[in-house]
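coords31.txt (compact mmCIF, C-alpha atoms) appears below.
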# COMPACT_ATOMS: atom_id res chain seq x y z
CA MET A 1 -19.16 5.16 0.78
CA GLU A 2 -19.38 3.08 3.95
CA ARG A 3 -21.99 4.10 6.51
CA PHE A 4 -19.21 4.34 9.14
CA LEU A 5 -17.50 7.04 7.07
CA ARG A 6 -20.71 8.75 5.94
CA ASP A 7 -21.58 9.26 9.62
CA LYS A 8 -18.41 11.36 10.00
CA LEU A 9 -19.65 13.96 7.52
CA PRO A 10 -22.14 16.76 8.19
CA ASN A 11 -25.52 15.49 6.92
CA GLY A 12 -23.74 12.39 5.59
CA GLU A 13 -22.12 14.14 2.64
CA PHE A 14 -19.21 16.34 1.73
CA SER A 15 -20.25 19.97 1.98
CA ASP A 16 -18.64 23.32 1.36
CA VAL A 17 -16.14 21.81 -1.07
CA ALA A 18 -15.11 23.80 -4.14
CA ALA A 19 -16.23 22.37 -7.50
CA GLU A 20 -12.63 22.05 -8.72
CA HIS A 21 -11.64 20.10 -5.60
CA GLN A 22 -14.68 17.82 -6.02
CA ARG A 23 -13.65 17.10 -9.61
CA ILE A 24 -10.10 16.23 -8.54
CA MET A 25 -11.24 13.94 -5.72
CA LYS A 26 -13.75 12.12 -7.95
CA GLY A 27 -10.87 11.28 -10.26
CA VAL A 28 -8.90 9.50 -7.54
CA ARG A 29 -9.05 5.75 -7.95
CA GLY A 30 -7.73 2.81 -5.90
CA LYS A 31 -4.86 2.02 -8.24
CA GLY A 32 -3.49 5.54 -8.24
CA ASN A 33 0.10 4.69 -7.28
CA ARG A 34 1.15 3.92 -10.84
CA THR A 35 4.19 6.19 -10.74
CA THR A 36 5.38 4.56 -7.50
CA GLU A 37 4.81 1.08 -8.96
CA THR A 38 6.57 2.00 -12.20
CA LEU A 39 9.58 3.35 -10.31
CA PHE A 40 9.75 0.25 -8.10
CA ARG A 41 9.43 -2.17 -11.05
CA ALA A 42 12.17 -0.26 -12.90
CA GLY A 43 14.37 -0.78 -9.83
CA LEU A 44 13.59 -4.50 -9.83
CA GLU A 45 14.46 -4.75 -13.50
CA SER A 46 17.73 -2.88 -13.04
CA TRP A 47 18.68 -5.37 -10.29
CA GLY A 48 17.66 -8.30 -12.50
CA ILE A 49 14.89 -9.36 -10.11
CA THR A 50 12.08 -11.27 -11.81
CA GLY A 51 9.25 -13.63 -10.95
CA TRP A 52 6.61 -11.28 -9.56
CA GLU A 53 2.89 -10.98 -10.17
CA MET A 54 1.11 -7.63 -10.06
CA HIS A 55 -1.96 -7.10 -7.86
CA CYS A 56 -2.37 -10.79 -7.11
CA SER A 57 -6.07 -10.94 -6.19
CA SER A 58 -5.81 -14.51 -4.88
CA ILE A 59 -3.64 -13.20 -2.02
CA LYS A 60 -5.28 -11.30 0.86
CA GLY A 61 -4.93 -7.57 0.34
CA SER A 62 -3.97 -7.93 -3.36
CA PRO A 63 -0.33 -6.97 -2.81
CA ASP A 64 1.18 -4.62 -5.37
CA LEU A 65 3.76 -7.31 -6.10
CA PHE A 66 3.75 -10.98 -5.15
CA PHE A 67 6.68 -13.35 -5.55
CA PRO A 68 5.03 -16.82 -5.54
CA LYS A 69 8.28 -18.83 -5.48
CA GLU A 70 9.56 -17.05 -2.36
CA ARG A 71 6.06 -16.34 -0.99
CA ILE A 72 6.76 -12.63 -0.50
CA ALA A 73 4.04 -9.98 -0.69
CA VAL A 74 5.17 -6.41 -1.32
CA PHE A 75 2.92 -3.44 -0.61
CA LEU A 76 3.86 0.01 -1.91
CA ASP A 77 1.95 2.24 0.49
CA GLY A 78 1.04 5.80 -0.46
CA CYS A 79 1.96 8.21 2.31
CA PHE A 80 -1.42 9.97 2.33
CA TRP A 81 -3.79 7.00 1.99
CA HIS A 82 -1.93 4.76 4.43
CA GLY A 83 -1.16 7.42 7.05
CA CYS A 84 2.62 7.77 6.98
CA ASP A 85 3.77 9.31 10.28
CA LEU A 86 6.56 11.16 8.50
CA CYS A 87 4.78 12.85 5.60
CA GLY A 88 1.12 11.85 5.68
CA HIS A 89 -1.40 14.47 6.74
CA ILE A 90 -5.07 14.88 7.55
CA PRO A 91 -6.88 17.49 5.46
CA GLN A 92 -8.51 20.30 7.44
CA LYS A 93 -11.82 20.07 5.60
CA ASN A 94 -13.93 17.14 6.81
CA GLN A 95 -11.18 16.21 9.25
CA ALA A 96 -13.24 13.62 11.16
CA PHE A 97 -13.98 11.79 7.90
CA TRP A 98 -10.34 11.70 6.82
CA GLU A 99 -9.12 10.62 10.26
CA ALA A 100 -11.60 7.74 10.17
CA LYS A 101 -10.80 6.83 6.55
CA ILE A 102 -7.02 6.80 7.00
CA GLY A 103 -7.29 5.14 10.41
CA ARG A 104 -9.40 2.40 8.85
CA ASN A 105 -6.81 1.93 6.10
CA LYS A 106 -4.01 1.58 8.68
CA GLU A 107 -6.06 -0.92 10.66
CA ARG A 108 -6.76 -2.95 7.50
CA ASP A 109 -3.04 -2.92 6.60
CA THR A 110 -2.12 -4.27 10.05
CA LYS A 111 -4.73 -7.05 9.85
CA THR A 112 -3.73 -8.00 6.31
CA THR A 113 -0.06 -8.25 7.30
CA ALA A 114 -0.92 -10.48 10.27
CA ILE A 115 -3.13 -12.79 8.16
CA LEU A 116 -0.48 -13.18 5.46
CA ARG A 117 2.26 -13.90 8.00
CA ARG A 118 0.09 -16.61 9.58
CA GLN A 119 -0.17 -18.13 6.10
CA GLY A 120 3.61 -18.27 5.84
CA ILE A 121 3.84 -15.32 3.46
CA SER A 122 6.59 -12.81 4.14
CA VAL A 123 5.32 -9.22 3.96
CA LEU A 124 7.29 -6.13 3.02
CA ARG A 125 5.76 -2.66 3.09
CA PHE A 126 7.53 0.32 1.56
CA TRP A 127 6.34 3.89 1.93
CA GLU A 128 5.95 6.03 -1.16
CA HIS A 129 8.65 8.41 0.14
CA GLU A 130 11.08 5.52 0.75
CA ILE A 131 10.70 4.38 -2.85
CA ARG A 132 11.12 7.92 -4.13
CA ASP A 133 14.05 8.83 -1.84
CA SER A 134 15.93 5.54 -1.38
CA LEU A 135 14.84 3.06 -4.02
CA GLU A 136 18.15 1.18 -3.86
CA SER A 137 17.65 0.50 -0.15
CA CYS A 138 14.12 -0.83 -0.76
CA ILE A 139 15.28 -3.13 -3.55
CA SER A 140 18.21 -4.30 -1.43
CA THR A 141 15.84 -5.16 1.44
CA LEU A 142 13.65 -7.15 -0.93
CA SER A 143 16.65 -8.88 -2.50
CA LYS A 144 17.94 -9.97 0.92
CA ARG A 145 14.50 -11.25 1.92
CA MET A 146 14.26 -13.21 -1.34
CA ALA A 147 17.67 -14.80 -0.76
CA ALA A 148 16.76 -15.74 2.81
CA ARG A 149 13.46 -17.29 1.70
CA GLN A 150 15.22 -19.22 -1.08
CA ARG A 151 17.80 -20.58 1.41
CA LYS A 152 15.02 -21.55 3.80
CA SER A 153 13.17 -23.31 0.97
CA ARG A 154 16.29 -25.32 -0.04
CA VAL A 155 16.91 -26.41 3.57
CA SER A 156 13.34 -27.70 3.96
CA ASP A 157 13.46 -29.68 0.66

With the file now loaded, output its structure as structure tokens.
Amino acid sequence: MERFLRDKLPNGEFSDVAAEHQRIMKGVRGKGNRTTETLFRAGLESWGITGWEMHCSSIKGSPDLFFPKERIAVFLDGCFWHGCDLCGHIPQKNQAFWEAKIGRNKERDTKTTAILRRQGISVLRFWEHEIRDSLESCISTLSKRMAARQRKSRVSD
């Protein structure tokens, strides 16, 4: 854990946390949005959209999906971890830690988006609840962006 975050906890560690809750939190890993990714990829397949790479580590921020031909990075942001204003929340226990952690994630997302855009990469971010509640709209947005980028690419050839 980063020193910045450790400093937000009493005595630098989580305390007064039930054993069951500790076990659950220890099991949380960085690639925990598999169900969101699976749902989104199923939507892409149903629309006949192809040509993506998963977790492209050569691109800043390792987007969940990257379309190299169109230079589009797609991030599927979990509402809790990325601080969705609509349905994200800050846990009551260790509140200062979670505010700092989620705030840092939001700051990193903003910086990553800016860096990618400066590199000529188009960035789309979809919230977990958007994918769950209006997948068609998300896929439509991506499809339109892909078409626009393809037109732009043909014009510059």

Practice task
Would you list the residues near (-4.7, 7.5, 3.2), meaning any protein, DNA or RNA residue with an atom at most 12 Å from that point in file coordinates, counting all atoms listed in the file, as an MDAnalysis selection string?
Solution key: chainID A and resid 28 30 32:33 77:85 87:91 97:109 127:128

Handout entry: Contact residues around A:His55 with only C-alpha atoms at 8 Å, ignoring same-chain residues under 5 positions, as a PyMOL selection string
Key = chain A and resi 62-66

Problem - stretch 44-51 of chain A surroundings by all atoms listed in the file, 12 Å radius, close-in-sequence under 4 positions cut, as a PyMOL selection string - result: chain A and resi 37-40+65-72+131+135-144+146-147

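Atom pair atom CA of A:Arg117 / atom CA of A:His129: separated by 24.5 Å.
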
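Of the residues listed (A:Ser153, A:Ala148, A:Asn94, A:Val74), A:Val74 shows the shortest atom-to-atom separation from A:Val123; distances use all atoms listed in the file.
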
Practice task
Quote the spacing between atom CA of A:Thr35 and atom CA of A:Ile115 in Å to one decimal place.
Solution key: 27.8 Å

Is it possible to produce a file of stretch 88-103 of chain A from this structure, with N, CA and C atoms, as an mmCIF file, in the first residue's frame?
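Output contents, as saved in selection32.cif:
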data_model
loop_
_atom_site.group_PDB
_atom_site.id
_atom_site.type_symbol
_atom_site.label_atom_id
_atom_site.label_comp_id
_atom_site.auth_asym_id
_atom_site.auth_seq_id
_atom_site.Cartn_x
_atom_site.Cartn_y
_atom_site.Cartn_z
ATOM 1 N N GLY A 88 -21.543 5.533 -6.946
ATOM 2 C CA GLY A 88 -20.379 5.222 -6.125
ATOM 3 C C GLY A 88 -20.630 5.679 -4.700
ATOM 4 N N HIS A 89 -19.865 5.159 -3.770
ATOM 5 C CA HIS A 89 -20.031 5.558 -2.373
ATOM 6 C C HIS A 89 -18.697 5.414 -1.645
ATOM 7 N N ILE A 90 -18.592 6.066 -0.530
ATOM 8 C CA ILE A 90 -17.409 5.963 0.323
ATOM 9 C C ILE A 90 -17.813 5.162 1.556
ATOM 10 N N PRO A 91 -17.129 4.050 1.817
ATOM 11 C CA PRO A 91 -17.463 3.275 3.018
ATOM 12 C C PRO A 91 -17.279 4.107 4.289
ATOM 13 N N GLN A 92 -18.060 3.821 5.298
ATOM 14 C CA GLN A 92 -17.982 4.551 6.563
ATOM 15 C C GLN A 92 -16.722 4.185 7.352
ATOM 16 N N LYS A 93 -16.343 2.920 7.320
ATOM 17 C CA LYS A 93 -15.126 2.510 8.012
ATOM 18 C C LYS A 93 -13.921 2.996 7.226
ATOM 19 N N ASN A 94 -12.960 3.578 7.904
ATOM 20 C CA ASN A 94 -11.732 4.074 7.276
ATOM 21 C C ASN A 94 -12.044 5.051 6.147
ATOM 22 N N GLN A 95 -12.967 5.937 6.398
ATOM 23 C CA GLN A 95 -13.470 6.862 5.384
ATOM 24 C C GLN A 95 -12.362 7.717 4.757
ATOM 25 N N ALA A 96 -11.435 8.211 5.552
ATOM 26 C CA ALA A 96 -10.355 9.051 5.012
ATOM 27 C C ALA A 96 -9.515 8.267 4.012
ATOM 28 N N PHE A 97 -9.246 7.005 4.314
ATOM 29 C CA PHE A 97 -8.486 6.147 3.401
ATOM 30 C C PHE A 97 -9.225 6.007 2.073
ATOM 31 N N TRP A 98 -10.517 5.652 2.140
ATOM 32 C CA TRP A 98 -11.271 5.410 0.915
ATOM 33 C C TRP A 98 -11.461 6.683 0.099
ATOM 34 N N GLU A 99 -11.656 7.812 0.766
ATOM 35 C CA GLU A 99 -11.749 9.079 0.029
ATOM 36 C C GLU A 99 -10.457 9.352 -0.727
ATOM 37 N N ALA A 100 -9.323 9.118 -0.064
ATOM 38 C CA ALA A 100 -8.027 9.335 -0.710
ATOM 39 C C ALA A 100 -7.809 8.350 -1.851
ATOM 40 N N LYS A 101 -8.123 7.084 -1.615
ATOM 41 C CA LYS A 101 -7.927 6.031 -2.620
ATOM 42 C C LYS A 101 -8.760 6.311 -3.867
ATOM 43 N N ILE A 102 -10.036 6.562 -3.695
ATOM 44 C CA ILE A 102 -10.930 6.787 -4.832
ATOM 45 C C ILE A 102 -10.609 8.120 -5.499
ATOM 46 N N GLY A 103 -10.284 9.131 -4.703
ATOM 47 C CA GLY A 103 -9.876 10.417 -5.266
ATOM 48 C C GLY A 103 -8.631 10.275 -6.134
#
